[in-house]
>>> print(open('input37.tsv').read())   # TSV, N, CA and C atoms
chain	number	residue	atom	x	y	z
U	67	MET	N	79.01	109.97	94.42
U	67	MET	CA	79.59	109.59	93.15
U	67	MET	C	79.41	108.09	92.97
U	68	LEU	N	78.94	107.69	91.82
U	68	LEU	CA	78.74	106.28	91.51
U	68	LEU	C	80.00	105.78	90.85
U	69	LYS	N	80.57	104.74	91.37
U	69	LYS	CA	81.77	104.16	90.77
U	69	LYS	C	81.31	103.09	89.79
U	70	LYS	N	81.69	103.24	88.57
U	70	LYS	CA	81.29	102.31	87.52
U	70	LYS	C	82.45	101.35	87.26
U	71	LYS	N	82.30	100.13	87.71
U	71	LYS	CA	83.35	99.14	87.54
U	71	LYS	C	82.82	97.97	86.71
U	72	LEU	N	82.04	98.27	85.72
U	72	LEU	CA	81.45	97.21	84.91
U	72	LEU	C	82.54	96.36	84.30
U	73	GLY	N	82.39	95.07	84.39
U	73	GLY	CA	83.31	94.16	83.76
U	73	GLY	C	84.50	93.81	84.63
U	74	ILE	N	84.70	94.48	85.75
U	74	ILE	CA	85.82	94.12	86.61
U	74	ILE	C	85.32	93.05	87.57
U	75	ASN	N	84.75	93.47	88.71
U	75	ASN	CA	84.17	92.47	89.59
U	75	ASN	C	83.04	93.00	90.45
U	76	ALA	N	82.81	94.32	90.43
U	76	ALA	CA	81.76	94.86	91.28
U	76	ALA	C	81.22	96.17	90.73
U	77	ILE	N	79.98	96.44	91.08
U	77	ILE	CA	79.35	97.71	90.76
U	77	ILE	C	78.93	98.28	92.10
U	78	GLU	N	79.46	99.45	92.45
U	78	GLU	CA	79.20	100.01	93.77
U	78	GLU	C	78.90	101.49	93.69
U	79	ARG	N	78.22	101.96	94.71
U	79	ARG	CA	77.92	103.39	94.86
U	79	ARG	C	78.73	103.90	96.05
U	80	ASN	N	79.25	105.10	95.91
U	80	ASN	CA	79.97	105.73	97.00
U	80	ASN	C	78.98	106.01	98.14
U	81	TYR	N	79.23	105.48	99.31
U	81	TYR	CA	78.33	105.61	100.45
U	81	TYR	C	78.13	107.06	100.90
U	82	PHE	N	79.11	107.91	100.65
U	82	PHE	CA	79.07	109.26	101.17
U	82	PHE	C	78.30	110.24	100.30
U	83	HIS	N	77.99	109.86	99.09
U	83	HIS	CA	77.25	110.73	98.18
U	83	HIS	C	76.00	109.96	97.76
U	84	PHE	N	74.98	109.99	98.55
U	84	PHE	CA	73.84	109.09	98.43
U	84	PHE	C	72.62	109.80	97.87
U	85	ASN	N	72.62	110.04	96.57
U	85	ASN	CA	71.46	110.61	95.87
U	85	ASN	C	70.94	109.57	94.89
U	86	ALA	N	69.72	109.77	94.46
U	86	ALA	CA	69.15	108.86	93.46
U	86	ALA	C	69.91	109.01	92.16
U	87	CYS	N	69.88	107.96	91.33
U	87	CYS	CA	70.56	108.00	90.04
U	87	CYS	C	70.00	109.15	89.21
U	88	SER	N	70.88	109.87	88.61
U	88	SER	CA	70.48	110.99	87.78
U	88	SER	C	71.61	111.31	86.83
U	89	ASP	N	71.48	112.40	86.10
U	89	ASP	CA	72.54	112.81	85.19
U	89	ASP	C	73.80	113.21	85.94
U	90	ASP	N	73.71	113.38	87.26
U	90	ASP	CA	74.89	113.71	88.05
U	90	ASP	C	75.89	112.56	88.05
U	91	PHE	N	75.46	111.37	87.76
U	91	PHE	CA	76.34	110.22	87.79
U	91	PHE	C	76.76	109.84	86.37
U	92	PHE	N	76.12	108.91	85.77
U	92	PHE	CA	76.36	108.57	84.38
U	92	PHE	C	75.05	108.08	83.80
U	93	LYS	N	74.96	108.10	82.51
U	93	LYS	CA	73.70	107.71	81.87
U	93	LYS	C	73.45	106.22	82.08
U	94	ILE	N	72.32	105.91	82.64
U	94	ILE	CA	71.88	104.53	82.83
U	94	ILE	C	70.94	104.21	81.67
U	95	PRO	N	71.23	103.15	80.90
U	95	PRO	CA	70.33	102.81	79.80
U	95	PRO	C	69.02	102.24	80.33
U	96	PHE	N	68.00	102.25	79.49
U	96	PHE	CA	66.72	101.66	79.89
U	96	PHE	C	66.87	100.17	80.14
U	97	LYS	N	67.71	99.53	79.34
U	97	LYS	CA	67.97	98.10	79.49
U	97	LYS	C	69.43	97.93	79.90
U	98	LEU	N	69.64	97.31	81.06
U	98	LEU	CA	70.98	97.16	81.60
U	98	LEU	C	71.31	95.69	81.73
U	99	SER	N	72.39	95.26	81.07
U	99	SER	CA	72.88	93.90	81.21
U	99	SER	C	74.17	93.96	82.01
U	100	ILE	N	74.14	93.40	83.20
U	100	ILE	CA	75.33	93.35	84.03
U	100	ILE	C	76.31	92.39	83.34
U	101	PRO	N	77.58	92.76	83.19
U	101	PRO	CA	78.55	91.89	82.52
U	101	PRO	C	78.71	90.54	83.22
U	102	GLU	N	78.97	89.52	82.44
U	102	GLU	CA	79.11	88.16	82.95
U	102	GLU	C	80.26	88.04	83.96
U	103	SER	N	81.24	88.91	83.90
U	103	SER	CA	82.38	88.83	84.81
U	103	SER	C	82.10	89.45	86.18
U	104	CYS	N	80.99	90.14	86.32
U	104	CYS	CA	80.66	90.82	87.58
U	104	CYS	C	80.22	89.81	88.63
U	105	GLU	N	80.75	89.97	89.85
U	105	GLU	CA	80.43	89.05	90.93
U	105	GLU	C	79.57	89.69	92.02
U	106	LYS	N	79.58	91.02	92.10
U	106	LYS	CA	78.87	91.70	93.19
U	106	LYS	C	78.25	93.00	92.71
U	107	ILE	N	77.01	93.22	93.13
U	107	ILE	CA	76.33	94.50	92.93
U	107	ILE	C	76.20	95.07	94.33
U	108	GLY	N	76.86	96.18	94.58
U	108	GLY	CA	77.00	96.72	95.92
U	108	GLY	C	75.77	97.41	96.48
U	109	TYR	N	75.92	97.85	97.71
U	109	TYR	CA	74.89	98.53	98.47
U	109	TYR	C	74.33	99.73	97.70
U	110	ALA	N	73.03	99.72	97.45
U	110	ALA	CA	72.31	100.83	96.81
U	110	ALA	C	72.90	101.24	95.46
U	111	ALA	N	73.51	100.31	94.75
U	111	ALA	CA	74.19	100.63	93.49
U	111	ALA	C	73.28	101.32	92.47
U	112	PHE	N	72.03	100.89	92.38
U	112	PHE	CA	71.10	101.49	91.42
U	112	PHE	C	69.85	102.01	92.14
U	113	TRP	N	70.01	102.42	93.36
U	113	TRP	CA	68.92	102.91	94.20
U	113	TRP	C	68.19	104.06	93.51
U	114	TYR	N	66.89	103.89	93.35
U	114	TYR	CA	66.00	104.88	92.73
U	114	TYR	C	66.38	105.28	91.31
U	115	CYS	N	66.89	104.35	90.53
U	115	CYS	CA	67.13	104.60	89.11
U	115	CYS	C	65.81	104.35	88.39
U	116	LYS	N	64.98	105.35	88.37
U	116	LYS	CA	63.61	105.21	87.86
U	116	LYS	C	63.55	105.03	86.35
U	117	GLU	N	64.62	105.33	85.64
U	117	GLU	CA	64.64	105.18	84.20
U	117	GLU	C	64.86	103.73	83.75
U	118	LEU	N	65.36	102.89	84.65
U	118	LEU	CA	65.59	101.49	84.30
U	118	LEU	C	64.28	100.78	83.96
U	119	ARG	N	64.30	100.03	82.89
U	119	ARG	CA	63.13	99.25	82.50
U	119	ARG	C	63.40	97.76	82.61
U	120	GLU	N	64.65	97.36	82.37
U	120	GLU	CA	65.01	95.95	82.43
U	120	GLU	C	66.45	95.81	82.89
U	121	VAL	N	66.68	94.89	83.81
U	121	VAL	CA	68.02	94.60	84.30
U	121	VAL	C	68.22	93.10	84.20
U	122	ILE	N	69.31	92.71	83.55
U	122	ILE	CA	69.64	91.28	83.43
U	122	ILE	C	70.84	91.02	84.32
U	123	ILE	N	70.66	90.13	85.29
U	123	ILE	CA	71.73	89.78	86.24
U	123	ILE	C	72.22	88.38	85.89
U	124	PRO	N	73.50	88.26	85.46
U	124	PRO	CA	74.02	86.97	85.00
U	124	PRO	C	74.31	86.00	86.15
U	125	GLU	N	74.63	84.78	85.78
U	125	GLU	CA	74.95	83.73	86.74
U	125	GLU	C	76.18	84.05	87.57
U	126	SER	N	77.10	84.83	87.04
U	126	SER	CA	78.35	85.13	87.75
U	126	SER	C	78.14	85.95	89.02
U	127	VAL	N	77.05	86.70	89.10
U	127	VAL	CA	76.79	87.53	90.28
U	127	VAL	C	76.46	86.63	91.47
U	128	GLU	N	77.21	86.81	92.56
U	128	GLU	CA	77.01	86.03	93.77
U	128	GLU	C	76.31	86.84	94.86
U	129	GLU	N	76.50	88.19	94.84
U	129	GLU	CA	75.94	89.04	95.89
U	129	GLU	C	75.21	90.23	95.27
U	130	ILE	N	74.04	90.51	95.82
U	130	ILE	CA	73.30	91.73	95.49
U	130	ILE	C	73.10	92.45	96.82
U	131	GLY	N	73.73	93.60	96.96
U	131	GLY	CA	73.75	94.32	98.23
U	131	GLY	C	72.40	94.89	98.62
U	132	ASP	N	72.30	95.27	99.89
U	132	ASP	CA	71.11	95.91	100.42
U	132	ASP	C	70.71	97.08	99.52
U	133	LYS	N	69.43	97.20	99.25
U	133	LYS	CA	68.85	98.32	98.49
U	133	LYS	C	69.44	98.50	97.10
U	134	ALA	N	70.06	97.48	96.53
U	134	ALA	CA	70.73	97.60	95.23
U	134	ALA	C	69.82	98.14	94.14
U	135	PHE	N	68.58	97.66	94.09
U	135	PHE	CA	67.63	98.12	93.08
U	135	PHE	C	66.37	98.69	93.72
U	136	CYS	N	66.42	99.02	94.97
U	136	CYS	CA	65.28	99.57	95.69
U	136	CYS	C	64.83	100.87	95.02
U	137	GLY	N	63.55	100.99	94.78
U	137	GLY	CA	63.01	102.21	94.17
U	137	GLY	C	63.05	102.23	92.66
U	138	CYS	N	63.47	101.15	92.04
U	138	CYS	CA	63.48	101.07	90.57
U	138	CYS	C	62.09	100.59	90.12
U	139	TYR	N	61.12	101.47	90.26
U	139	TYR	CA	59.71	101.12	90.10
U	139	TYR	C	59.34	100.60	88.72
U	140	ASN	N	60.07	101.00	87.70
U	140	ASN	CA	59.73	100.62	86.33
U	140	ASN	C	60.52	99.43	85.82
U	141	ALA	N	61.39	98.88	86.65
U	141	ALA	CA	62.32	97.84	86.19
U	141	ALA	C	61.82	96.43	86.43
U	142	THR	N	62.01	95.61	85.42
U	142	THR	CA	61.86	94.18	85.55
U	142	THR	C	63.27	93.62	85.70
U	143	VAL	N	63.52	92.89	86.76
U	143	VAL	CA	64.83	92.31	87.02
U	143	VAL	C	64.78	90.85	86.59
U	144	ILE	N	65.70	90.47	85.72
U	144	ILE	CA	65.77	89.10	85.22
U	144	ILE	C	67.01	88.45	85.81
U	145	LEU	N	66.80	87.43	86.62
U	145	LEU	CA	67.88	86.69	87.26
U	145	LEU	C	68.19	85.47	86.39
U	146	LYS	N	69.46	85.27	86.05
U	146	LYS	CA	69.85	84.14	85.21
U	146	LYS	C	70.14	82.88	86.02
U	147	LYS	N	69.88	82.95	87.34
U	147	LYS	CA	69.93	81.76	88.20
U	147	LYS	C	68.89	81.96	89.29
U	148	PRO	N	68.44	80.89	89.92
U	148	PRO	CA	67.42	81.02	90.96
U	148	PRO	C	67.91	81.85	92.15
U	149	GLU	N	66.99	82.56	92.79
U	149	GLU	CA	67.34	83.41	93.93
U	149	GLU	C	68.07	82.63	95.02
U	150	HIS	N	67.68	81.39	95.26
U	150	HIS	CA	68.30	80.62	96.34
U	150	HIS	C	69.75	80.23	96.04
U	151	LYS	N	70.21	80.41	94.81
U	151	LYS	CA	71.60	80.08	94.44
U	151	LYS	C	72.57	81.24	94.69
U	152	PHE	N	72.07	82.43	95.01
U	152	PHE	CA	72.94	83.56	95.32
U	152	PHE	C	73.53	83.36	96.72
U	153	GLU	N	74.78	83.78	96.92
U	153	GLU	CA	75.37	83.73	98.25
U	153	GLU	C	74.69	84.71	99.18
U	154	PHE	N	74.28	85.87	98.63
U	154	PHE	CA	73.68	86.91	99.46
U	154	PHE	C	72.79	87.81	98.60
U	155	ILE	N	71.57	88.02	99.04
U	155	ILE	CA	70.70	89.05	98.49
U	155	ILE	C	70.28	89.89	99.68
U	156	GLY	N	70.69	91.14	99.67
U	156	GLY	CA	70.51	92.02	100.82
U	156	GLY	C	69.08	92.45	101.06
U	157	GLU	N	68.91	93.05	102.21
U	157	GLU	CA	67.62	93.58	102.62
U	157	GLU	C	67.15	94.64	101.63
U	158	ASN	N	65.93	94.54	101.19
U	158	ASN	CA	65.31	95.47	100.26
U	158	ASN	C	66.04	95.57	98.92
U	159	ALA	N	66.85	94.58	98.57
U	159	ALA	CA	67.65	94.64	97.35
U	159	ALA	C	66.79	94.78	96.09
U	160	LEU	N	65.66	94.10	96.07
U	160	LEU	CA	64.81	94.11	94.88
U	160	LEU	C	63.43	94.70	95.16
U	161	ASP	N	63.30	95.37	96.31
U	161	ASP	CA	62.01	95.97	96.67
U	161	ASP	C	61.62	97.06	95.68
U	162	ASP	N	60.37	97.18	95.45
U	162	ASP	CA	59.77	98.21	94.60
U	162	ASP	C	59.99	97.98	93.10
U	163	CYS	N	60.74	96.95	92.71
U	163	CYS	CA	60.90	96.68	91.28
U	163	CYS	C	59.55	96.24	90.72
U	164	LYS	N	59.33	96.56	89.47
U	164	LYS	CA	58.08	96.20	88.82
U	164	LYS	C	57.86	94.68	88.86
U	165	ASP	N	58.94	93.92	88.60
U	165	ASP	CA	58.83	92.47	88.58
U	165	ASP	C	60.23	91.87	88.74
U	166	VAL	N	60.30	90.67	89.28
U	166	VAL	CA	61.55	89.91	89.37
U	166	VAL	C	61.26	88.54	88.78
U	167	LYS	N	62.04	88.18	87.76
U	167	LYS	CA	61.83	86.91	87.07
U	167	LYS	C	63.11	86.09	87.10
U	168	GLU	N	62.95	84.79	87.10
U	168	GLU	CA	64.08	83.88	86.97
U	168	GLU	C	64.03	83.27	85.57
U	169	GLU	N	65.09	83.46	84.80
U	169	GLU	CA	65.22	82.84	83.49
U	169	GLU	C	66.44	81.95	83.54
U	170	VAL	N	66.23	80.73	83.97
U	170	VAL	CA	67.31	79.79	84.22
U	170	VAL	C	67.50	78.89	83.01
U	171	ARG	N	68.77	78.75	82.60
U	171	ARG	CA	69.08	77.83	81.49
U	171	ARG	C	69.10	76.41	82.02
U	172	ASN	N	68.67	75.49	81.20
U	172	ASN	CA	68.70	74.07	81.59
U	172	ASN	C	69.89	73.38	81.00
>>> encode(input="input37.tsv", output="structure tokens")
Amino acid sequence: MLKKKLGINAIERNYFHFNACSDDFFKIPFKLSIPESCEKIGYAAFWYCKELREVIIPESVEEIGDKAFCGCYNATVILKKPEHKFEFIGENALDDCKDVKEEVRN
């Protein structure tokens, strides 16, 4: 079961029910903007969500867990701050994504 805590402080997946994103969870839009109030994207939160096309990760996010977007082959991930400014980006967190871009405000 995917726990949807958008806008609180974290987006996490239940470790015990580990299937790829599908209609069994909740509808994932093609374009996903993580809320500005979110601080953490948990372990495998969007693992194998093949329908994702674009993900915008705001400056407020400090941690991206292991395998958070692993297997999101069609997704372009847009980071609103440089990768080196995150407190933690887990192993394979952005692996297999179509592209990872930094769009930093000056």
>>> closest_residue(input="input37.tsv", among="U:Ile122, U:Cys136, U:Ile130, U:Leu160", to="Ser99 (chain U)", atoms="only C-alpha atoms")
U:Ile122
>>> atom_distance(input="input37.tsv", atom1="CA of Arg119 (chain U)", atom2="CA of Glu153 (chain U)")
25.3 Å
>>> closest_residue(input="input37.tsv", among="U:Ile94, U:Ile100, U:Ala159, U:Val166", to="Ile144 (chain U)", atoms="only C-alpha atoms")
U:Val166
>>> atom_distance(input="input37.tsv", atom1="atom N of Glu105 (chain U)", atom2="atom C of Glu129 (chain U)")
7.8 Å
>>> atom_distance(input="input37.tsv", atom1="atom N of Glu117 (chain U)", atom2="atom C of Glu157 (chain U)")
19.4 Å
>>> residues_near_point(input="input37.tsv", point="(76.8, 91.9, 86.0)", cutoff="8 Å", atoms="only N, CA and C atoms", output="list in words")
Leu72, Gly73, Asn75, Ala76, Ile77, Leu98, Ser99, Ile100, Pro101, Glu102, Ser103, Cys104, Glu105, Lys106, Ile107, Ile122, Ile123, Pro124, Glu125, Ser126 and Val127 of chain U
>>> closest_residue(input="input37.tsv", among="U:Asp161, U:Tyr109, U:Lys133, U:Asn140", to="Val121 (chain U)", atoms="all atoms listed in the file")
U:Asn140
>>> closest_residue(input="input37.tsv", among="U:Gly156, U:Gly131, U:Gly137, U:Pro148", to="Ala110 (chain U)", atoms="all atoms listed in the file")
U:Gly131
>>> closest_residue(input="input37.tsv", among="U:Phe96, U:Asn158, U:Glu128, U:Lys167", to="Lys146 (chain U)", atoms="all atoms listed in the file")
U:Lys167
>>> axis_aligned_box(input="input37.tsv", around="region 147-166 of chain U", padding_each_side="5 Å", output="lines of an AutoDock Vina configuration file")
center_x = 66.6
center_y = 89.1
center_z = 95.0
size_x = 27.5
size_y = 28.1
size_z = 25.3
>>> closest_residue(input="input37.tsv", among="U:Ala134, U:Cys163, U:Val170, U:Ile155", to="Glu120 (chain U)", atoms="only C-alpha atoms")
U:Cys163
